[in-house]
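Reviewing the structure listed below.
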Amino acid sequence: MERTEIKLILESLLFSTETPMRLEKLNEIFLDTPVKDLREIMAELKKEYEDLNRSFAIREVASGFQFYTKTEYSPWIKKFKKIRPARLSPATLETLAIIAYKQPITRAEIEDVRGVDAGGILRALLEKNLIKIVGKKDVPGKPLIYSTTPNFLTIFGLKALKDLPALEDISQVDATMLPLFSQKLQEEPETPSAPEEITLVADDDHQQ
């Protein structure tokens with residue numbers, strides 16, 4: 001198959017998906033095209049859209065590729081779809097930050113850092129598919145272990161966890177992390193154009 005044809009097929013697949021498209025998955029379709037070549041072709045396609053200066057672009061998030069609407073057009077999409085931002089309280093953002101930086105982590109370990117019960121917040125984060133249960137810790141009681149999801153990376157516009165804002169010392173994660181975590185949201189250059197588009201913002205609800 002010629003390179004140009006592969007590029008057109010990749011473009012059509014990008015338009016059809018609502019989740020990041022992983023190269024490893026694509027390799028199952030293009031059996032004769034190495035992942036390295038697929039990445040190069042995807043990079044060419046990404047550059048072409050950048051040169052066209054369209055209202056959308058291709059971004060690499062959550063170890064995959066996806067079309068994103070540029071930030072300046074997000075308000076119009078929200079008006080058209082009547083999208084309401086999904087609000088997270090400062091306490092919820094703080095808990096999510098603790099999980100992101102110290103994962104895998106148990107509920108007891110989260111509560112040890114925050115000093116308050118985290119049961120309700122963990123349930124809310126699970127429902128929003130921002131965290132997941134990855135197993136049980138091999139200690140008495142076998143507590144559940146939590147980590148962030150690929151959806152977390154997508155929402156925050158991250159390729160991988162290593163792209164989180166750097167912390168000099170994560171031995172003590174507390175409320176001082178919240179501005180860093182919120183800043184990551186504000187600095188995100190683009191927002192998803194998929195129907196499930198979500199904007200995470202801290203509200204005035206200090207629910208613990």
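Labeling convention for the structure tokens: chains A, B, ... as they appear, residues from 1 per chain, ligands from 1 in order of appearance.
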
What's the 12 Å shell around Ala124 in chain A, counting only C-alpha atoms, without same-chain residues fewer than 3 positions away, as a ChimeraX atom specification? /A:86-89,91-93,95-96,118-121,127-132,207-208

Written selection (C-alpha atoms) as a compact mmCIF listing (two decimals), in the first residue's frame:
# COMPACT_ATOMS: atom_id res chain seq x y z
CA ALA A 86 -18.14 19.19 34.75
CA ARG A 87 -17.24 20.87 38.01
CA LEU A 88 -14.76 19.43 40.48
CA SER A 89 -14.44 20.87 43.94
CA ALA A 91 -11.11 18.80 47.51
CA THR A 92 -11.79 16.55 44.51
CA LEU A 93 -9.03 18.15 42.44
CA THR A 95 -7.50 14.06 45.70
CA LEU A 96 -7.07 13.55 41.95
CA ALA A 118 -11.96 10.09 50.71
CA GLY A 119 -14.67 7.52 50.05
CA GLY A 120 -17.19 9.84 48.41
CA ILE A 121 -14.59 11.61 46.29
CA GLU A 127 -17.87 7.52 37.95
CA LYS A 128 -16.17 10.21 35.86
CA ASN A 129 -13.66 7.61 34.62
CA LEU A 130 -10.73 9.72 35.84
CA ILE A 131 -9.41 6.95 38.09
CA LYS A 132 -9.67 3.17 38.14
CA GLN A 207 -17.24 19.24 50.12
CA GLN A 208 -14.91 16.77 51.72

Name the residues in contact with range 32-47 of chain A at a cut-off of 12 Å, using only C-alpha atoms, excluding same-chain residues fewer than 3 positions from it; report them as number ranges by chain. A: 1-14, 21-29, 50-54, 56-60, 63-68

Using only C-alpha atoms, which of A:Ser55, A:Ala97, A:Arg123, A:Arg114 sits nearest Ile77 in chain A? A:Ser55

From a DSSP calculation on the backbone, collect every residue of range 100-151 of chain A in alpha helix (DSSP H) and output the set as a short mmCIF file (atom, residue, chain, number, x, y, z; two decimals) with N, CA and C atoms, in the first residue's frame.
data_model
loop_
_atom_site.label_atom_id
_atom_site.label_comp_id
_atom_site.auth_asym_id
_atom_site.auth_seq_id
_atom_site.Cartn_x
_atom_site.Cartn_y
_atom_site.Cartn_z
N ALA A 100 -2.68 11.11 41.01
CA ALA A 100 -1.86 11.25 39.79
C ALA A 100 -0.37 11.19 40.10
N TYR A 101 0.04 11.87 41.16
CA TYR A 101 1.47 11.95 41.46
C TYR A 101 2.01 10.77 42.27
N LYS A 102 1.14 10.10 43.04
CA LYS A 102 1.65 9.06 43.93
C LYS A 102 1.13 7.67 43.58
N ARG A 107 -6.77 3.94 49.35
CA ARG A 107 -7.62 4.96 49.98
C ARG A 107 -7.01 5.43 51.29
N ALA A 108 -6.49 4.50 52.08
CA ALA A 108 -5.89 4.87 53.37
C ALA A 108 -4.69 5.80 53.17
N GLU A 109 -3.90 5.55 52.15
CA GLU A 109 -2.75 6.40 51.88
C GLU A 109 -3.18 7.80 51.44
N ILE A 110 -4.27 7.87 50.68
CA ILE A 110 -4.81 9.18 50.27
C ILE A 110 -5.32 9.92 51.49
N GLU A 111 -6.05 9.23 52.34
CA GLU A 111 -6.61 9.85 53.54
C GLU A 111 -5.51 10.26 54.52
N ASP A 112 -4.41 9.53 54.51
CA ASP A 112 -3.27 9.89 55.36
C ASP A 112 -2.68 11.22 54.94
N VAL A 113 -2.68 11.48 53.61
CA VAL A 113 -2.16 12.75 53.10
C VAL A 113 -3.15 13.88 53.36
N ARG A 114 -4.45 13.65 53.07
CA ARG A 114 -5.44 14.72 53.16
C ARG A 114 -5.99 14.90 54.56
N GLY A 119 -13.77 8.48 50.69
CA GLY A 119 -14.67 7.52 50.05
C GLY A 119 -15.58 8.13 49.00
N GLY A 120 -16.26 9.22 49.34
CA GLY A 120 -17.19 9.84 48.41
C GLY A 120 -16.50 10.41 47.18
N ILE A 121 -15.34 11.02 47.40
CA ILE A 121 -14.59 11.61 46.29
C ILE A 121 -14.08 10.52 45.35
N LEU A 122 -13.60 9.41 45.91
CA LEU A 122 -13.12 8.31 45.07
C LEU A 122 -14.24 7.74 44.21
N ARG A 123 -15.43 7.63 44.79
CA ARG A 123 -16.57 7.14 44.01
C ARG A 123 -16.89 8.09 42.86
N ALA A 124 -16.83 9.39 43.13
CA ALA A 124 -17.12 10.38 42.09
C ALA A 124 -16.08 10.32 40.97
N LEU A 125 -14.81 10.17 41.33
CA LEU A 125 -13.75 10.10 40.33
C LEU A 125 -13.85 8.82 39.50
N LEU A 126 -14.28 7.74 40.14
CA LEU A 126 -14.50 6.49 39.41
C LEU A 126 -15.65 6.64 38.41
N GLU A 127 -16.73 7.31 38.84
CA GLU A 127 -17.87 7.52 37.95
C GLU A 127 -17.51 8.38 36.75
N PRO A 150 -6.62 6.32 31.17
CA PRO A 150 -6.29 7.00 29.91
C PRO A 150 -7.18 8.22 29.68
N ASN A 151 -8.43 8.15 30.16
CA ASN A 151 -9.33 9.30 30.02
C ASN A 151 -8.80 10.51 30.77
#

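We find CA of Ala62 in chain A and CA of Ile105 in chain A to be spaced 20.3 Å apart.
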
Rounded to one decimal in Å, what is the spacing between CA of Leu158 in chain A and CA of Leu144 in chain A? 25.4 Å
